[in-house]
Every structure is written in structure tokens, then in C-alpha cells.
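Student: Sharing input.csv here; it has CSV, C-alpha atoms and all ligand atoms.
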chain,number,residue,atom,x,y,z
A,1,MET,CA,54.3,-21.3,-86.5
A,2,ARG,CA,52.3,-18.0,-86.6
A,3,LEU,CA,50.7,-16.8,-83.4
A,4,PHE,CA,48.1,-14.7,-85.0
A,5,TRP,CA,45.8,-15.0,-88.0
A,6,GLU,CA,46.7,-12.8,-91.0
A,7,ASP,CA,43.2,-11.4,-91.7
A,8,ARG,CA,41.1,-11.2,-88.6
A,9,PRO,CA,40.5,-8.2,-86.3
A,10,PHE,CA,41.8,-7.7,-82.8
A,11,TRP,CA,39.2,-6.6,-80.3
A,12,LYS,CA,40.4,-4.1,-77.7
A,13,GLY,CA,39.2,-4.6,-74.1
A,14,ASN,CA,39.8,-4.3,-70.4
A,15,PHE,CA,39.2,-7.2,-68.1
A,16,HIS,CA,39.4,-5.4,-64.7
A,17,CYS,CA,37.7,-2.3,-63.4
A,18,HIS,CA,35.4,-1.2,-60.6
A,19,SER,CA,32.1,0.7,-60.2
A,20,THR,CA,30.0,2.0,-57.4
A,21,ARG,CA,28.8,-1.5,-56.8
A,22,SER,CA,32.0,-1.9,-54.8
A,23,ASP,CA,34.7,0.7,-54.4
A,24,GLY,CA,34.7,2.4,-57.8
A,25,ARG,CA,33.9,6.1,-58.2
A,26,HIS,CA,31.4,5.8,-61.1
A,27,SER,CA,28.2,3.8,-61.8
A,28,PRO,CA,28.4,0.8,-64.2
A,29,GLU,CA,26.7,2.9,-66.9
A,30,GLU,CA,29.2,5.8,-66.4
A,31,VAL,CA,32.2,3.3,-66.4
A,32,ALA,CA,30.9,1.8,-69.7
A,33,LYS,CA,30.7,5.3,-71.3
A,34,ILE,CA,34.3,6.1,-70.2
A,35,TYR,CA,35.6,3.0,-71.9
A,36,GLN,CA,33.4,3.5,-75.0
A,37,ALA,CA,35.1,6.9,-75.3
A,38,GLN,CA,38.5,5.1,-75.1
A,39,GLY,CA,37.5,3.0,-78.2
A,40,HIS,CA,37.1,-0.3,-76.3
A,41,ASP,CA,35.3,-3.1,-78.0
A,42,PHE,CA,34.6,-5.0,-74.8
A,43,LEU,CA,34.7,-4.4,-71.1
A,44,VAL,CA,34.4,-6.5,-67.9
A,45,ILE,CA,33.3,-4.6,-64.8
A,46,THR,CA,34.8,-6.7,-61.9
A,47,ASP,CA,33.5,-5.4,-58.6
A,48,HIS,CA,34.8,-7.0,-55.4
A,49,ARG,CA,32.7,-10.2,-54.7
A,50,LYS,CA,29.9,-8.9,-57.0
A,51,LEU,CA,29.1,-10.3,-60.4
A,52,SER,CA,28.2,-7.7,-63.1
A,53,GLU,CA,25.4,-8.1,-65.6
A,54,GLN,CA,25.4,-11.0,-68.1
A,55,ALA,CA,26.8,-10.3,-71.6
A,56,HIS,CA,25.0,-7.5,-73.5
A,57,PHE,CA,25.9,-4.8,-75.9
A,58,MET,CA,26.1,-1.1,-75.0
A,59,ASP,CA,25.9,0.3,-78.5
A,60,ALA,CA,28.8,-1.4,-80.2
A,61,MET,CA,30.7,-2.3,-77.0
A,62,LEU,CA,30.3,-5.8,-75.5
A,63,MET,CA,29.9,-5.9,-71.8
A,64,LEU,CA,30.9,-9.2,-70.2
A,65,PRO,CA,30.0,-10.4,-66.6
A,66,GLY,CA,32.8,-10.4,-64.2
A,67,MET,CA,33.9,-10.1,-60.6
A,68,GLU,CA,37.0,-9.9,-58.4
A,69,MET,CA,37.6,-12.3,-55.5
A,70,ASP,CA,40.3,-11.6,-52.8
A,71,PHE,CA,42.2,-13.9,-50.5
A,72,MET,CA,44.8,-13.2,-47.9
A,73,LEU,CA,47.6,-15.8,-47.5
A,74,PRO,CA,50.5,-15.5,-45.1
A,75,ALA,CA,52.5,-12.4,-46.2
A,76,GLU,CA,50.7,-12.0,-49.5
A,77,ALA,CA,47.3,-11.3,-51.1
A,78,LEU,CA,45.8,-13.3,-54.0
A,79,HIS,CA,43.2,-11.6,-56.1
A,80,ILE,CA,41.4,-13.5,-58.9
A,81,VAL,CA,39.4,-11.7,-61.6
A,82,GLY,CA,36.8,-13.8,-63.4
A,83,PHE,CA,34.9,-13.1,-66.6
A,84,GLY,CA,32.1,-14.8,-68.4
A,85,MET,CA,30.5,-16.6,-65.5
A,86,SER,CA,26.7,-17.3,-65.4
A,87,GLU,CA,24.5,-16.0,-62.6
A,88,GLU,CA,24.5,-19.4,-60.9
A,89,PHE,CA,28.2,-18.9,-60.1
A,90,MET,CA,27.4,-16.5,-57.2
A,91,SER,CA,25.2,-19.0,-55.4
A,92,SER,CA,27.6,-21.8,-55.9
A,93,LYS,CA,29.8,-20.5,-53.1
A,94,GLY,CA,32.8,-22.5,-54.3
A,95,TRP,CA,34.6,-19.3,-55.1
A,96,LEU,CA,34.7,-18.4,-51.4
A,97,ILE,CA,36.7,-21.4,-50.3
A,98,GLY,CA,40.1,-20.7,-51.6
A,99,PRO,CA,42.0,-19.5,-54.7
A,100,GLN,CA,42.1,-22.8,-56.6
A,101,GLN,CA,38.4,-23.5,-55.8
A,102,CYS,CA,37.6,-19.9,-57.0
A,103,ILE,CA,39.4,-20.5,-60.3
A,104,ASP,CA,37.7,-23.9,-60.7
A,105,ALA,CA,34.3,-22.4,-59.9
A,106,MET,CA,34.8,-19.6,-62.5
A,107,ARG,CA,35.5,-22.2,-65.1
A,108,ARG,CA,32.7,-24.5,-64.0
A,109,TYR,CA,30.2,-21.7,-64.5
A,110,GLY,CA,31.4,-20.9,-68.0
A,111,GLY,CA,34.0,-18.2,-67.2
A,112,ARG,CA,37.7,-17.9,-67.1
A,113,ALA,CA,40.1,-16.7,-64.4
A,114,ILE,CA,42.9,-14.1,-64.4
A,115,VAL,CA,45.4,-13.8,-61.6
A,116,ALA,CA,45.4,-10.0,-60.8
A,117,HIS,CA,48.4,-7.8,-60.1
A,118,PRO,CA,50.9,-10.4,-58.8
A,119,ALA,CA,53.5,-7.8,-58.0
A,120,TRP,CA,51.1,-5.6,-56.0
A,121,SER,CA,49.9,-8.8,-54.1
A,122,LEU,CA,53.5,-9.8,-53.3
A,123,ASN,CA,52.9,-13.2,-54.8
A,124,THR,CA,55.7,-15.7,-54.5
A,125,PRO,CA,56.7,-18.0,-57.4
A,126,ASP,CA,55.5,-20.9,-55.2
A,127,THR,CA,52.0,-19.4,-55.0
A,128,LEU,CA,51.9,-18.6,-58.8
A,129,ASN,CA,53.3,-22.1,-59.7
A,130,GLY,CA,50.7,-23.8,-57.4
A,131,LEU,CA,47.6,-22.5,-59.3
A,132,ARG,CA,46.1,-24.4,-62.1
A,133,ASN,CA,43.8,-23.4,-65.0
A,134,ALA,CA,44.1,-19.7,-64.8
A,135,THR,CA,43.7,-18.3,-68.3
A,136,ALA,CA,46.1,-15.4,-67.7
A,137,ALA,CA,47.9,-13.2,-65.2
A,138,GLU,CA,48.1,-9.4,-65.3
A,139,ILE,CA,51.6,-8.5,-66.4
A,140,TYR,CA,50.6,-4.9,-66.0
A,141,ASN,CA,47.9,-3.4,-63.7
A,142,THR,CA,47.6,0.3,-64.2
A,143,PHE,CA,46.1,1.1,-60.8
A,144,SER,CA,48.9,-0.7,-59.0
A,145,GLY,CA,51.2,2.0,-60.3
A,146,THR,CA,51.8,5.6,-59.3
A,147,PRO,CA,50.1,8.0,-58.6
A,148,TRP,CA,47.4,5.6,-57.4
A,149,ASN,CA,49.0,2.8,-55.5
A,150,GLY,CA,52.7,2.7,-55.2
A,151,ALA,CA,54.9,1.4,-58.0
A,152,ARG,CA,54.0,-2.2,-58.4
A,153,ALA,CA,52.1,-2.0,-61.7
A,154,ASP,CA,54.6,-4.2,-63.6
A,155,SER,CA,54.5,-7.9,-62.7
A,156,SER,CA,56.9,-9.1,-65.5
A,157,GLY,CA,59.7,-9.8,-63.1
A,158,ILE,CA,57.8,-12.1,-60.8
A,159,LEU,CA,56.1,-13.8,-63.8
A,160,ASP,CA,59.5,-14.4,-65.4
A,161,VAL,CA,60.6,-16.1,-62.2
A,162,ALA,CA,57.5,-18.3,-62.2
A,163,ALA,CA,58.1,-19.0,-65.9
A,164,ALA,CA,61.7,-19.9,-65.3
A,165,HIS,CA,60.4,-22.4,-62.7
A,166,GLY,CA,58.1,-23.9,-65.3
A,167,LYS,CA,54.8,-22.0,-64.9
A,168,LEU,CA,53.9,-20.1,-68.1
A,169,TYR,CA,51.0,-17.7,-67.7
A,170,ASN,CA,49.6,-15.9,-70.7
A,171,TYR,CA,49.3,-12.1,-70.0
A,172,VAL,CA,46.7,-9.5,-70.0
A,173,ALA,CA,47.2,-5.8,-69.0
A,174,SER,CA,44.3,-4.2,-67.1
A,175,ASP,CA,43.5,-0.9,-65.6
A,176,ASP,CA,41.8,-2.0,-62.4
A,177,SER,CA,40.2,1.4,-62.5
A,178,HIS,CA,38.7,2.8,-59.3
A,179,THR,CA,39.0,6.6,-59.3
A,180,TYR,CA,38.8,7.3,-63.1
A,181,THR,CA,41.6,9.9,-62.7
A,182,GLY,CA,43.6,8.9,-65.7
A,183,GLU,CA,43.9,5.2,-65.3
A,184,ALA,CA,41.0,4.2,-67.5
A,185,GLY,CA,42.2,3.1,-70.9
A,186,TYR,CA,45.9,3.1,-70.1
A,187,SER,CA,46.5,-0.7,-70.4
A,188,TYR,CA,44.4,-3.1,-72.4
A,189,THR,CA,44.3,-6.5,-74.1
A,190,MET,CA,43.9,-7.1,-77.8
A,191,VAL,CA,42.1,-10.4,-78.5
A,192,GLN,CA,42.0,-11.9,-82.0
A,193,ALA,CA,38.6,-13.6,-82.0
A,194,GLU,CA,36.4,-14.6,-84.9
A,195,GLU,CA,33.7,-12.2,-83.8
A,196,LEU,CA,32.8,-10.0,-80.9
A,197,SER,CA,30.9,-12.4,-78.6
A,198,GLN,CA,31.6,-13.8,-75.2
A,199,GLN,CA,32.2,-17.4,-76.5
A,200,SER,CA,34.4,-16.2,-79.3
A,201,LEU,CA,36.5,-14.1,-76.9
A,202,ILE,CA,36.8,-17.1,-74.5
A,203,ASP,CA,37.8,-19.4,-77.4
A,204,ALA,CA,40.5,-16.9,-78.4
A,205,MET,CA,41.8,-16.6,-74.8
A,206,ASP,CA,41.9,-20.4,-74.5
A,207,ALA,CA,43.9,-20.5,-77.7
A,208,GLY,CA,46.3,-17.7,-76.5
A,209,ARG,CA,45.5,-15.5,-79.5
A,210,PHE,CA,46.0,-12.2,-77.7
A,211,TYR,CA,48.6,-9.7,-76.5
A,212,CYS,CA,48.4,-6.8,-74.2
A,213,THR,CA,49.5,-3.2,-74.6
A,214,GLN,CA,49.5,0.5,-73.7
A,215,GLY,CA,49.7,1.5,-77.3
A,216,PRO,CA,52.2,-0.5,-79.5
A,217,ARG,CA,50.7,-3.2,-81.7
A,218,PHE,CA,51.9,-6.6,-82.5
A,219,GLU,CA,51.1,-7.5,-86.1
A,220,GLN,CA,52.6,-11.0,-86.2
A,221,ILE,CA,54.9,-13.2,-84.2
A,222,THR,CA,56.4,-16.3,-85.9
A,223,VAL,CA,58.6,-19.1,-84.6
A,224,GLU,CA,60.5,-20.8,-87.4
A,225,ASP,CA,63.8,-22.7,-87.6
A,226,GLY,CA,64.8,-21.6,-84.1
A,227,VAL,CA,64.1,-17.9,-84.8
A,228,VAL,CA,61.4,-15.8,-83.2
A,229,SER,CA,60.3,-13.0,-85.5
A,230,VAL,CA,58.1,-10.0,-84.7
A,231,GLN,CA,56.3,-7.5,-86.9
A,232,CYS,CA,54.9,-4.5,-85.1
A,233,SER,CA,53.9,-0.9,-85.2
A,234,PRO,CA,56.9,1.5,-85.1
A,235,VAL,CA,58.7,1.2,-81.8
A,236,GLU,CA,62.1,2.1,-80.3
A,237,MET,CA,62.9,-1.0,-78.5
A,238,VAL,CA,62.2,-4.7,-78.8
A,239,VAL,CA,63.3,-7.0,-76.0
A,240,PHE,CA,63.2,-10.8,-76.0
A,241,TYR,CA,63.0,-12.2,-72.5
A,242,SER,CA,63.5,-15.9,-71.6
A,243,ASN,CA,64.6,-18.1,-68.7
A,244,LEU,CA,68.3,-17.4,-69.7
A,245,VAL,CA,69.9,-14.8,-67.5
A,246,TRP,CA,72.2,-13.8,-70.3
A,247,SER,CA,71.5,-14.0,-74.0
A,248,GLN,CA,73.1,-12.4,-77.0
A,249,GLY,CA,70.9,-10.2,-79.2
A,250,ARG,CA,68.1,-10.0,-76.7
A,251,CYS,CA,67.6,-6.2,-76.9
A,252,LEU,CA,67.2,-4.2,-80.1
A,253,SER,CA,66.9,-0.4,-80.1
A,254,GLY,CA,66.6,2.2,-82.8
A,255,LYS,CA,64.1,4.5,-84.6
A,256,ASP,CA,60.9,3.1,-86.1
A,257,ILE,CA,61.6,-0.5,-85.7
A,258,ARG,CA,58.9,-2.6,-87.4
A,259,ASN,CA,60.6,-6.0,-87.5
A,260,ALA,CA,62.9,-7.8,-85.1
A,261,SER,CA,64.1,-11.4,-84.7
A,262,TYR,CA,65.8,-13.4,-82.1
A,263,SER,CA,67.7,-16.7,-82.3
A,264,ILE,CA,66.7,-19.3,-79.7
A,265,ALA,CA,69.7,-20.9,-77.9
A,266,GLY,CA,70.4,-24.4,-79.0
A,267,GLY,CA,70.4,-27.5,-76.9
A,268,GLY,CA,67.1,-26.9,-75.2
A,269,ALA,CA,68.6,-24.4,-72.7
A,270,GLU,CA,65.9,-21.9,-73.4
A,271,THR,CA,62.5,-23.0,-72.2
A,272,PHE,CA,60.4,-19.9,-73.2
A,273,VAL,CA,60.6,-16.6,-75.0
A,274,ARG,CA,58.4,-13.6,-74.6
A,275,VAL,CA,58.6,-10.2,-76.4
A,276,GLN,CA,58.2,-6.7,-75.1
A,277,LEU,CA,57.8,-3.7,-77.4
A,278,VAL,CA,58.5,-0.1,-76.1
A,279,ASP,CA,57.5,2.9,-78.2
A,280,HIS,CA,58.9,6.5,-78.2
A,281,GLU,CA,56.6,7.4,-75.3
A,282,GLY,CA,57.9,4.6,-73.2
A,283,LYS,CA,54.6,2.7,-73.6
A,284,SER,CA,54.9,-1.1,-73.8
A,285,ALA,CA,53.2,-4.1,-75.4
A,286,TRP,CA,53.7,-7.7,-74.2
A,287,SER,CA,53.4,-10.9,-76.1
A,288,ASN,CA,52.4,-14.1,-74.3
A,289,PRO,CA,55.3,-16.4,-73.5
A,290,ILE,CA,56.1,-18.9,-76.2
A,291,ALA,CA,56.9,-22.3,-74.8
A,292,LEU,CA,60.0,-23.8,-76.6
B,301,ZN,ZN,40.5,-4.7,-58.8
Spell out the structure here as C-alpha cells.
Ligand SMILES: [Zn+2]

Tutor:
Amino acid sequence: MRLFWEDRPFWKGNFHCHSTRSDGRHSPEEVAKIYQAQGHDFLVITDHRKLSEQAHFMDAMLMLPGMEMDFMLPAEALHIVGFGMSEEFMSSKGWLIGPQQCIDAMRRYGGRAIVAHPAWSLNTPDTLNGLRNATAAEIYNTFSGTPWNGARADSSGILDVAAAHGKLYNYVASDDSHTYTGEAGYSYTMVQAEELSQQSLIDAMDAGRFYCTQGPRFEQITVEDGVVSVQCSPVEMVVFYSNLVWSQGRCLSGKDIRNASYSIAGGGAETFVRVQLVDHEGKSAWSNPIAL
């Protein structure tokens, strides 16, 4: 099984950022220009409780409609980022009722839902495992890291706990830009879609044909005869994570690694594997978890 097509482009985009329509420092037009300068192919502006404009191009960059909804649960927050919803979504009000109703409403109005920054939100595995039909969760959220917001940018630990308990989320990495003081463009998602359109991106997200990164690139991931193999841009570390607390050959380090492989434990003990690449600057890329 190959996770990616051999001959199609990946589109670079950010699913989560803010403008002056909520608590961001720049106008939507200025935000779009900042991301254009970062070489993004698509961008979703997700102001709090406000849907951005319907899909349109700004020069070559596709702007998708989006918003971020926030809930407070006992001892945790739960933020849901939606993209691709029609204007009717806002008057539907279903998104105000609760997290699951919000995810369902986002889908009902043509969009998809992403669970934002689980580590920053202090989400529990129970909370993450209780949600249905989210298209992804943010494994990395730039603005939840220092110097902006403490050091809870990386949600891989909590998502691994959820995955070990049977809930596999696909992953995006998002900036959640507010201040535009270095966070914009730091983390992004690469989506392998037929073309740069809202529907094509949604189809690719539904199919899991994407990965997220701060720089390193996945070229191909294959699963064959109990072996997970990776081809990538030159990196210094490749780590294969799974539900097993110990596993031989999980971590490969060296100079200019472009290929790595990992043997899945026999007997069905291993329920998922995911791959993280780390380059010479310490920047990461994350594959989606592969259910075994
Ligand atoms: Zn946000």
C-alpha cells in the first residue's frame, strides 16, 4: 500500500489563523499577503465564532472559508476549527450547542472539522476518544508554543495516548497566528489533491492523503509485508511511533537520511504506526497514523 500518489503535487496550506475580525493583529487581506509571501497554496482564516469569506482565489492562493469555535468543559477547553462551510452554517446555530454538534454542523454545511491544539486545551483521552467525524487534530500548533503561549505546541503525546486507546486522528500542523511575530508559516499541512479547489482538498483530506510539517518532506510511505518504509527529503532522524511502549528499531539517526523502514511487530500487538521526521534544524514532519 502506498499512501501517496507518485505523480501529483502537494498543496501547502494553513488551516488555522486569525485576523482583526477577532483577535488577530492584521486584516484578512494583510494575513493573506503574509501567507502568500510564505509560498502557501491555500489558507483558511479561522476567526473566533466568525466565518470567513467563501472560497476564492487571491492571485494563485486559494482562500477557504473557516471559523474557530470554543467550548469550556470541566478542567479543559475544546476548540474546533472548521473549513469549507457554506454561509448557511452560521445561521444554523447547531455549532453553538456542544463540540459534537459543532463538528456535525460543520460537516452538514459542506465543511470539515479539526480538533485544535489538544495539548494547549488540556484535553483528556476520554474527550478526544468521545468525538466522532473530526477530519484531523492539530499535532502541532505554533502559537501554543513559546514565545507566544507557553510550551504546549506539540500534541503528539496526548494523541498517541488517544491512539493507543483506539482513536486514530489524522494530523495537521497549524500556526494559529494571532500576532504575526514569527509564527506565520512555521507549521503547515501538505495535501495531495487532484487540483487546487475546495472540493478537491476536502476529498484528499477525507482520503487521508496529507502530512504536516515545519520543513521536511515526505515523498512516499509504503506498507508492505509487515514493513513500513519511508522516502523523504534529507533528515537527521526518523522515528516510528506506535502503541507499543518499547519497540526495536524505532529510531534511526544519521546524516542525510532519505530512506527508512520499520518492521511491524507480529501477532497483532501493534495497532498503529506513525512516522516523524526531524531535520538538521530540529524541524519536524509528521505522517498520519497508519492503522494496522
Ligand atoms: Zn485559534

Student: Which is closer to Gln214 (chain A) than all the others in A:Ile202, A:Leu51, A:Val278, A:Ala269, using only C-alpha atoms?

Tutor: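 So, comparing all the options, the nearest one is A:Val278.
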
Student: As a quick test: using all atoms listed in the file, which residues lie no more than 10 Å away from ligand ZN 301 (chain B)? Give them as a PyMOL selection string.

Tutor: chain A and resi 15-18+22-24+45-48+67-70+79-81+116-117+141+143-144+174-178

Student: Could you jot down the CA of Ala164 (chain A) to CA of Met72 (chain A) separation for me, Å, one decimal place?

Tutor: 25.2 Å

Student: Can you tell me which residues surround region 179-181 of chain A at a distance of at most 12 Å, considering all atoms listed in the file, apart from same-chain residues fewer than 4 positions away, and format the answer as number ranges by chain?

Tutor: A: 17-20, 22-27, 30-35, 142-143, 146-149, 175, 185-186

Student: So how far away is CA of Ala291 (chain A) from CA of Thr127 (chain A), in Å?

Tutor: 20.6 Å

Student: Could you tell me how far CA of Ile139 (chain A) lies from CA of Gln198 (chain A), in Å and to one decimal?

Tutor: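 Pair CA of Ile139 (chain A) / CA of Gln198 (chain A) returns 22.5 Å.
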
Student: Residues within 12 Å of Gln54 (chain A), please, as a PyMOL selection string. Count only C-alpha atoms; anything in the same chain fewer than 4 positions from it doesn't count.

Tutor: chain A and resi 43-45+62-67+83-89+110-111+197-198

Student: So, with all atoms listed in the file as the atoms that count, which of A:Leu78, A:Ala55, A:Arg132, A:Trp120 lies closest to Gln100 (chain A)?

Tutor: A:Arg132

Student: Residues near Lys255 (chain A), anyone? I mean within 9 Å using all atoms listed in the file, not counting same-chain ones fewer than 3 positions away, as a ChimeraX atom specification.

Tutor: /A:234-237,280

Student: With distances taken over all atoms listed in the file, which residue among A:Asn170, A:Asn259, A:Ser155, A:Ser187 lies nearest Ile114 (chain A)?

Tutor: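 So, comparing all the options, the nearest one is A:Asn170.
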
Student: Restricting the calculation to all atoms listed in the file, which member of A:Thr135, A:Ser121, A:Ser242, A:Gln220 is positioned closest to Arg8 (chain A)?

Tutor: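 Nearest to Arg8 (chain A): A:Gln220.
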
Student: I'd like the contact shell of Ile290 (chain A) - 7 Å cut-off, all atoms listed in the file, skipping same-chain residues fewer than 4 positions apart - returned as a PyMOL selection string.

Tutor: chain A and resi 272-274

Student: For Pro216 (chain A), which of A:Ala285, A:Ile158, A:Ala163, A:Met61 is the closest residue, counting only C-alpha atoms?

Tutor: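 Going through A:Ala285, A:Ile158, A:Ala163, A:Met61 one by one, the smallest distance to Pro216 (chain A) is for A:Ala285.
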
Student: Considering only C-alpha atoms, state which residue in the set A:Phe71, A:Phe10, A:Trp246, A:Phe57 is at the smallest distance from Tyr188 (chain A).

Tutor: A:Phe10

Student: Residues within 9 Å of Met1 (chain A), please, as a list in words. Count all atoms listed in the file; anything in the same chain fewer than 4 positions from it doesn't count.

Tutor: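 Skipping anything fewer than 4 positions along the chain leaves Ile221, Thr222, Val223 and Glu224 of chain A.
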
Student: Emit the selected residues as a PDB file, in the frame of the given file, including C-alpha atoms.

Tutor:
ATOM      1  CA  ILE A 221      54.900 -13.200 -84.200  1.00  0.00           C
ATOM      2  CA  THR A 222      56.400 -16.300 -85.900  1.00  0.00           C
ATOM      3  CA  VAL A 223      58.600 -19.100 -84.600  1.00  0.00           C
ATOM      4  CA  GLU A 224      60.500 -20.800 -87.400  1.00  0.00           C
TER       5      GLU A 224
END

Student: Using only C-alpha atoms and a cutoff of 12 Å, can you tell me which residues are near (70.2, -9.4, -73.3) in the file's coordinates, and write them out as a VMD selection string?

Tutor: chain A and resid 238 to 253 262 to 263
